[in-house]
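Participant: Okay, so here is input15.cif, and as you'll see once you scroll down, it has mmCIF, C-alpha atoms.
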```cif
data_entry
loop_
_atom_site.label_atom_id
_atom_site.label_comp_id
_atom_site.auth_asym_id
_atom_site.auth_seq_id
_atom_site.Cartn_x
_atom_site.Cartn_y
_atom_site.Cartn_z
CA MET A 33 108.25 161.33 175.23
CA LYS A 34 108.39 162.63 171.71
CA PHE A 35 108.59 160.56 168.54
CA ALA A 36 109.67 162.09 165.24
CA VAL A 37 108.04 160.45 162.23
CA VAL A 38 109.90 161.34 159.04
CA VAL A 39 107.70 161.99 156.00
CA PHE A 40 109.30 161.31 152.62
CA PRO A 41 107.44 162.02 149.39
CA GLY A 42 105.67 158.68 148.99
CA SER A 43 105.57 157.69 152.66
CA ASN A 44 102.13 156.22 153.40
CA CYS A 45 102.41 154.76 156.89
CA ASP A 46 103.51 158.00 158.52
CA HIS A 47 100.05 158.75 159.90
CA ASP A 48 99.65 155.18 161.13
CA ALA A 49 102.91 155.53 163.08
CA GLN A 50 101.76 158.86 164.47
CA TYR A 51 98.36 157.41 165.39
CA ALA A 52 99.91 154.44 167.17
CA THR A 53 102.29 156.51 169.24
CA GLU A 54 100.09 159.55 169.85
CA HIS A 55 96.51 158.31 170.03
CA VAL A 56 97.03 154.75 171.21
CA LEU A 57 100.08 155.26 173.44
CA GLY A 58 99.40 158.84 174.51
CA GLN A 59 102.87 160.12 173.59
CA GLN A 60 103.85 163.06 171.41
CA ALA A 61 104.52 162.33 167.75
CA GLU A 62 105.59 164.97 165.28
CA LEU A 63 105.58 164.48 161.51
CA ILE A 64 108.80 165.88 160.04
CA TRP A 65 109.05 166.61 156.33
CA HIS A 66 112.12 165.11 154.65
CA LYS A 67 113.39 168.53 153.60
CA ASP A 68 113.58 169.70 157.21
CA THR A 69 117.03 169.55 158.73
CA SER A 70 116.20 169.05 162.40
CA LEU A 71 114.46 166.31 164.38
CA ARG A 72 113.48 169.06 166.82
CA GLY A 73 114.57 167.38 170.01
CA ALA A 74 112.76 164.09 169.48
CA ASP A 75 113.56 161.17 171.81
CA ALA A 76 113.07 158.51 169.12
CA VAL A 77 112.80 158.50 165.32
CA ILE A 78 110.53 156.43 163.10
CA LEU A 79 111.19 156.05 159.38
CA PRO A 80 107.77 154.89 158.20
CA GLY A 81 106.61 152.54 155.48
CA GLY A 82 105.60 153.56 152.00
CA PHE A 83 107.36 154.24 148.73
CA ALA A 84 109.81 157.04 149.45
CA HIS A 85 110.65 158.92 146.25
CA GLY A 86 108.50 156.45 144.34
CA ASP A 87 111.01 153.62 144.90
CA TYR A 88 112.94 155.15 141.99
CA LEU A 89 116.27 153.44 141.22
CA ARG A 90 115.93 151.02 144.16
CA THR A 91 113.69 151.02 147.23
CA GLY A 92 115.11 153.56 149.69
CA ALA A 93 117.97 154.56 147.39
CA ILE A 94 117.02 158.22 146.94
CA ALA A 95 115.77 158.85 150.48
CA ARG A 96 119.28 158.82 151.87
CA PHE A 97 119.85 162.15 150.08
CA SER A 98 116.90 163.78 151.84
CA PRO A 99 118.18 166.65 154.04
CA ILE A 100 116.61 165.24 157.24
CA MET A 101 118.73 162.09 156.91
CA GLN A 102 121.82 163.99 158.05
CA ASP A 103 120.19 164.69 161.39
CA VAL A 104 118.81 161.13 161.56
CA LYS A 105 122.39 159.86 161.15
CA ARG A 106 123.69 162.29 163.74
CA PHE A 107 120.93 161.21 166.13
CA ALA A 108 121.71 157.52 165.54
CA ASP A 109 125.46 158.04 165.94
CA ALA A 110 124.75 159.75 169.26
CA GLY A 111 122.90 156.63 170.45
CA GLY A 112 119.35 157.78 169.76
CA PRO A 113 116.74 155.09 169.03
CA VAL A 114 115.78 154.85 165.33
CA LEU A 115 113.15 152.46 163.99
CA GLY A 116 112.79 151.78 160.26
CA ILE A 117 109.56 150.08 159.30
CA CYS A 118 109.26 148.38 155.89
CA ASN A 119 110.33 151.11 153.44
CA GLY A 120 111.99 152.79 156.43
CA PHE A 121 114.06 149.62 156.87
CA GLN A 122 114.98 149.75 153.18
CA VAL A 123 116.05 153.39 153.62
CA LEU A 124 118.30 152.43 156.57
CA LEU A 125 119.92 149.71 154.44
CA GLU A 126 120.53 152.05 151.49
CA ALA A 127 121.85 154.74 153.84
CA GLY A 128 124.40 152.27 155.19
CA MET A 129 122.96 152.55 158.72
CA LEU A 130 122.17 148.83 158.71
CA PRO A 131 124.04 146.08 156.83
CA GLY A 132 122.67 144.11 153.86
CA ALA A 133 120.18 144.80 151.08
CA MET A 134 116.68 143.87 149.93
CA LEU A 135 115.88 141.75 146.89
CA ARG A 136 112.52 141.19 145.23
CA ASN A 137 110.42 138.66 147.13
CA ALA A 138 111.57 135.19 146.08
CA ASN A 139 108.22 134.32 144.47
CA LEU A 140 107.83 137.86 143.03
CA HIS A 141 104.50 138.35 144.80
CA PHE A 142 103.66 141.48 146.76
CA HIS A 143 102.84 140.01 150.17
CA CYS A 144 100.10 141.73 152.13
CA GLU A 145 99.08 139.50 155.02
CA HIS A 146 99.42 138.88 158.73
CA VAL A 147 102.53 136.90 159.64
CA HIS A 148 104.07 135.69 162.86
CA VAL A 149 107.31 137.21 163.99
CA ARG A 150 109.47 136.02 166.84
CA VAL A 151 111.40 138.60 168.83
CA GLU A 152 114.94 137.25 169.10
CA GLN A 153 116.56 139.87 171.31
CA THR A 154 115.13 142.25 173.89
CA ASP A 155 118.19 144.45 174.39
CA THR A 156 117.16 147.06 171.82
CA PRO A 157 115.05 150.16 172.55
CA PHE A 158 112.21 148.74 170.45
CA THR A 159 112.07 145.22 171.93
CA ARG A 160 112.75 145.99 175.59
CA ALA A 161 109.18 145.14 176.65
CA CYS A 162 108.80 142.18 174.26
CA SER A 163 108.55 138.48 175.00
CA THR A 164 110.85 136.14 173.08
CA VAL A 165 108.44 133.26 173.61
CA ARG A 166 105.08 134.25 172.15
CA PRO A 167 105.38 135.34 168.49
CA LEU A 168 103.85 138.66 167.45
CA LYS A 169 101.06 138.61 164.87
CA ILE A 170 101.67 141.63 162.67
CA PRO A 171 101.13 142.36 158.97
CA VAL A 172 103.66 142.56 156.16
CA ALA A 173 103.01 144.54 152.97
CA HIS A 174 105.97 144.56 150.61
CA GLY A 175 107.33 143.41 147.28
CA GLU A 176 110.99 143.72 148.19
CA GLY A 177 111.58 142.29 151.62
CA ASN A 178 113.87 139.43 150.71
CA TYR A 179 116.76 140.19 153.04
CA TYR A 180 120.21 139.48 151.66
CA ALA A 181 123.72 139.90 153.02
CA GLU A 182 127.07 138.41 152.06
CA PRO A 183 127.81 135.17 153.97
CA ASP A 184 130.41 136.81 156.23
CA VAL A 185 128.07 139.71 157.02
CA LEU A 186 125.24 137.28 157.78
CA ALA A 187 127.49 135.22 160.05
CA ARG A 188 128.53 138.36 161.91
CA LEU A 189 124.89 139.45 162.33
CA GLU A 190 124.00 136.11 163.90
CA GLN A 191 127.14 136.04 166.03
CA ASN A 192 126.53 139.58 167.35
CA ARG A 193 122.83 138.77 168.03
CA GLN A 194 121.82 141.53 165.58
CA VAL A 195 118.93 139.51 164.17
CA ILE A 196 116.04 140.97 166.16
CA PHE A 197 112.97 139.57 164.39
CA ARG A 198 112.46 136.28 162.53
CA TYR A 199 109.48 135.01 160.52
CA VAL A 200 108.01 131.98 162.29
CA ASP A 201 104.84 129.89 162.20
CA ALA A 202 102.11 130.25 164.81
CA ALA A 203 104.00 127.78 167.01
CA GLY A 204 107.13 129.92 166.87
CA GLN A 205 109.18 127.76 164.51
CA ALA A 206 111.28 129.48 161.82
CA THR A 207 110.26 127.19 158.96
CA PRO A 208 110.65 127.87 155.20
CA ALA A 209 106.84 127.93 154.91
CA ALA A 210 106.67 130.74 157.47
CA ASN A 211 109.07 132.87 155.44
CA PRO A 212 106.96 135.13 153.17
CA ASN A 213 109.74 136.53 150.99
CA GLY A 214 112.81 134.28 150.93
CA SER A 215 114.83 136.28 153.46
CA LEU A 216 118.06 134.59 154.53
CA ASN A 217 117.66 132.83 157.89
CA ASN A 218 113.98 133.94 158.00
CA ILE A 219 115.21 137.43 158.92
CA ALA A 220 112.39 139.96 159.41
CA GLY A 221 114.41 142.60 161.24
CA ILE A 222 117.92 143.46 162.40
CA CYS A 223 119.76 146.09 164.43
CA ASN A 224 123.10 147.86 164.09
CA GLU A 225 126.15 147.07 166.21
CA GLY A 226 125.19 149.85 168.62
CA ARG A 227 121.75 148.16 168.94
CA ASN A 228 119.95 151.55 168.82
CA VAL A 229 119.02 151.41 165.11
CA VAL A 230 116.42 148.75 164.31
CA GLY A 231 114.78 147.91 161.00
CA LEU A 232 112.00 145.44 160.24
CA MET A 233 109.77 144.66 157.27
CA PRO A 234 106.52 143.89 159.17
CA HIS A 235 104.31 146.81 160.21
CA PRO A 236 103.86 147.02 164.01
CA GLU A 237 102.08 150.37 163.63
CA ARG A 238 99.30 148.63 161.68
CA ALA A 239 98.67 146.25 164.56
CA CYS A 240 98.12 148.46 167.57
CA GLU A 241 94.40 148.01 168.22
CA LEU A 242 92.30 144.84 168.32
CA ALA A 243 89.81 146.51 165.97
CA VAL A 244 92.31 146.04 163.14
CA GLY A 245 92.94 142.37 163.91
CA SER A 246 95.89 142.53 166.28
CA ALA A 247 97.43 144.80 168.88
CA ASP A 248 100.71 142.87 169.00
CA GLY A 249 102.70 145.66 167.35
CA LEU A 250 102.12 148.15 170.14
CA VAL A 251 104.79 146.56 172.34
CA LEU A 252 107.53 147.91 170.05
CA PHE A 253 106.46 151.48 170.73
CA GLU A 254 105.87 150.74 174.42
CA SER A 255 109.43 149.42 174.48
CA ALA A 256 110.73 152.72 173.13
CA VAL A 257 108.77 154.67 175.75
CA ARG A 258 110.20 152.45 178.46
CA ALA A 259 113.73 152.65 177.06
CA VAL A 260 113.62 156.44 176.97
CA SER A 261 112.00 156.81 180.42
CA GLU A 262 114.53 154.43 181.96
CA GLY A 263 117.38 156.35 180.34
CA ALA A 264 118.49 153.32 178.32
CA CYS A 265 119.30 155.47 175.30
CA ALA A 266 121.99 157.85 176.42
CA ILE A 267 121.82 160.43 173.65
CA SER A 268 124.91 162.61 173.59
CA ARG A 269 123.43 165.70 171.99
CA MET B 42 130.39 162.04 125.96
CA ARG B 43 128.06 159.13 126.51
CA ALA B 44 128.70 156.42 129.07
CA ARG B 45 126.48 153.35 129.22
CA VAL B 46 126.20 151.70 132.61
CA PHE B 47 124.81 148.17 132.91
CA VAL B 48 123.82 147.13 136.43
CA THR B 49 123.03 143.49 137.20
CA LEU B 50 122.70 141.37 140.29
CA LYS B 51 125.95 139.67 141.25
CA PRO B 52 126.24 136.07 140.01
CA SER B 53 125.99 134.86 143.64
CA VAL B 54 122.64 136.63 144.13
CA PHE B 55 119.46 134.81 143.13
CA ASP B 56 117.49 136.77 140.49
CA PRO B 57 113.82 135.74 140.76
CA GLN B 58 112.77 138.10 137.94
CA GLY B 59 115.39 136.72 135.54
CA THR B 60 114.36 133.17 136.41
CA THR B 61 110.71 133.99 135.73
CA VAL B 62 111.59 135.58 132.38
CA ALA B 63 113.63 132.48 131.46
CA GLU B 64 110.66 130.26 132.30
CA ALA B 65 108.40 132.44 130.14
CA LEU B 66 110.84 132.11 127.24
CA HIS B 67 110.82 128.34 127.69
CA THR B 68 107.02 128.45 127.47
CA LEU B 69 107.43 130.28 124.13
CA GLY B 70 109.61 127.43 122.93
CA TYR B 71 113.06 128.92 123.47
CA ALA B 72 114.41 125.88 125.27
CA ASN B 73 117.94 126.89 124.27
CA VAL B 74 117.82 130.03 126.45
CA LYS B 75 119.52 128.57 129.48
CA ASP B 76 119.50 131.53 131.84
CA VAL B 77 118.33 135.14 132.05
CA ARG B 78 119.67 137.82 134.37
CA GLN B 79 117.61 141.01 134.54
CA GLY B 80 119.29 144.34 135.18
CA LYS B 81 119.18 148.09 134.69
CA TYR B 82 120.64 150.24 131.95
CA PHE B 83 121.67 153.89 132.31
CA GLU B 84 122.88 156.40 129.71
CA LEU B 85 125.00 159.19 131.17
CA ASP B 86 125.84 162.23 129.07
CA ILE B 87 129.06 163.46 130.61
CA ASP B 88 130.99 166.62 129.92
CA ALA B 89 134.47 165.11 129.88
CA ALA B 90 137.75 165.82 128.06
CA SER B 91 138.54 162.18 127.30
CA PRO B 92 136.86 158.76 127.23
CA ALA B 93 139.01 157.78 130.20
CA GLU B 94 137.68 160.69 132.23
CA ALA B 95 134.08 159.88 131.24
CA GLU B 96 134.64 156.29 132.29
CA ARG B 97 136.08 157.37 135.63
CA VAL B 98 133.05 159.61 136.34
CA ALA B 99 130.62 156.87 135.29
CA ALA B 100 132.40 154.33 137.48
CA GLU B 101 132.13 156.66 140.49
CA ALA B 102 128.44 157.25 139.79
CA ALA B 103 127.84 153.52 139.48
CA ALA B 104 129.72 152.68 142.67
CA LYS B 105 128.11 155.44 144.73
CA LEU B 106 124.55 155.38 143.47
CA LEU B 107 123.52 153.47 140.34
CA ALA B 108 124.44 150.06 141.78
CA ASN B 109 124.06 148.76 145.32
CA PRO B 110 127.44 147.08 145.92
CA VAL B 111 125.88 144.60 148.35
CA ILE B 112 123.87 142.88 145.65
CA GLU B 113 124.82 144.38 142.28
CA SER B 114 127.80 144.75 139.96
CA TYR B 115 128.17 147.04 136.96
CA ARG B 116 129.85 147.32 133.58
CA ILE B 117 130.61 150.54 131.69
CA GLU B 118 130.95 151.34 127.98
CA VAL B 119 132.01 154.78 126.75
CA ASP B 120 130.58 155.69 123.36
CA ALA B 121 133.14 157.54 121.21
CA ALA B 122 130.59 158.04 118.39
CA ALA B 123 128.22 159.86 120.73
CA HIS B 124 131.21 161.98 121.67
CA ALA B 125 131.90 162.83 117.98
CA GLU B 126 128.28 163.88 117.46
CA MET B 127 128.41 166.18 120.44
CA VAL B 128 131.66 167.75 119.23
CA ARG B 129 130.12 168.49 115.83
#
```
Let me see the structure of the file written as structure tokens.

Facilitator:
Amino acid sequence: MKFAVVVFPGSNCDHDAQYATEHVLGQQAELIWHKDTSLRGADAVILPGGFAHGDYLRTGAIARFSPIMQDVKRFADAGGPVLGICNGFQVLLEAGMLPGAMLRNANLHFHCEHVHVRVEQTDTPFTRACSTVRPLKIPVAHGEGNYYAEPDVLARLEQNRQVIFRYVDAAGQATPAANPNGSLNNIAGICNEGRNVVGLMPHPERACELAVGSADGLVLFESAVRAVSEGACAISR
Amino acid sequence: MRARVFVTLKPSVFDPQGTTVAEALHTLGYANVKDVRQGKYFELDIDAASPAEAERVAAEAAAKLLANPVIESYRIEVDAAAHAEMVR
């Protein structure tokens, strides 16, 4: 299958995402500049981490005006799988493709460390092959990952099972101590109502080989490969 | 015409930066500063026929881009003096 990895000015995890999907997983992965207007027939889209447009105004706020975002929206509306990682998640929030917003981390620290994340739901293209029992050990690296949504929006997210990833301790418990940034309900990642657009703050693409400390992140990309090969994402082009 | 747009986090949203600034002020001895809310300030020079029109444009800009309505609110001031200078 073919992944499209969108490159914004300031993206810095684009090559990691390409490496994980192409070199580690053996799939195709094409880097697509933000000024391009076509995803060129990709089966799944990754909005990578980094500092798109220098985080000017607010994280992700300017990226939604990048020309490629029109095709990303079209692709998502058609049911195509879209994964926003870290800054990519922030872009999806600012573009209105996922609900809520990011605040500065509660303790104002930039957190760069391995955390444990529990997969809450496996009925998304990026968690299809995941276990909900054993937490994933993957790194976070962000200053603004403190997920916020109005109480009614948060209640609806929980009710619709749109919380896909939660920060937990090594034993899998969602404790305040396991929450690196103050996110409501220990939320690390969510999906849209259609369940094909997923955003998360941790970096699965940085944890795809044991040589870098963990290979737990690979299962997200394996999930996408499985979802596409099994025809789970009916894209109406 | 100049519009000033002040963007701040909504009262219901915790502002860790403002809290930290307040604590720093307390350390400097300003115990009477009870709370600080940090925000953003924008100056928009707008080609508009009236202050009302400038305010309408600024409000649209704030709602669509300058503020994130999920977490932020905004306040607008239109500067008539800046308008007079531009007319001269």

Participant: Identify every residue of chain B that has at least one atom within 9 Å of any atom of chain A, counting all atoms listed in the file, and report the result as a count of residues only.

Facilitator: 13

Participant: For the atom pair atom CA of A:Tyr199 and atom CA of A:Leu252, what is the interatomic distance in Å to one decimal place?

Facilitator: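 Between atom CA of A:Tyr199 and atom CA of A:Leu252 the gap works out to 16.2 Å.
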
Participant: Which residue is closest to A:Leu250? Choose from A:Gly263, A:Gly204, A:Pro236, A:Gly82 and count all atoms listed in the file.

Facilitator: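 Going through A:Gly263, A:Gly204, A:Pro236, A:Gly82 one by one, the smallest distance to A:Leu250 is for A:Pro236.
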
Participant: Show me, as a count of residues only, the residues that have an atom within 12 Å of B:Ala103 when counting only C-alpha atoms, minus same-chain residues fewer than 4 positions from it.

Facilitator: 25

Participant: Calculated over only C-alpha atoms, which of the candidates A:Leu71, A:Asn217, A:Gly86, A:Pro80 has the smallest distance to A:Ala187?

Facilitator: A:Asn217

Participant: Please compute the atom CA of A:Glu54-atom CA of A:Leu130 distance, one decimal, in Å.

Facilitator: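 Between atom CA of A:Glu54 and atom CA of A:Leu130 the gap works out to 27.0 Å.
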
Participant: If you apply the PyMOL selection byres ((chain A and resi 35-50) around 7) to this file, what residues do you get, as a PyMOL selection string?

Facilitator: chain A and resi 33-34+51-54+60-66+71+74-86+237-238

Participant: Might you spell out which residues the PyMOL selection byres ((chain B and resi 87-92) around 7) would select in the displayed file, as a list in words?

Facilitator: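 Checked against the file, the PyMOL selection byres ((chain B and resi 87-92) around 7) matches Met42, Arg43, Leu85, Asp86, Ala93, Glu94, Ala95, Glu96 and Val119 of chain B.
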
Participant: Return as JSON the centre and edge lengths, in Å with one decimal, of the box along x, y and z that encloses every atom of stretch 40-51 of chain A in the file, padded by 3 Å per side.

Facilitator:
```
{"center_x": 103.8, "center_y": 158.4, "center_z": 157.2, "size_x": 16.9, "size_y": 13.3, "size_z": 22.4}
```

Participant: Could you tell me which residues the PyMOL selection byres ((chain A and resi 163) around 10) grabs in this file, written as an MDAnalysis selection string?

Facilitator: chainID A and resid 150:154 159:162 164:168 251

Participant: So what do you get for atom CA of A:Thr69 versus atom CA of A:Leu124, distance-wise?

Facilitator: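 Atom CA of A:Leu124 lies at a distance of 17.3 Å from atom CA of A:Thr69.
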
Participant: Hey, which of B:Ala63, B:Val77, B:Ala72, B:Ala100 ends up closest to B:Leu50? Count only C-alpha atoms.

Facilitator: B:Val77
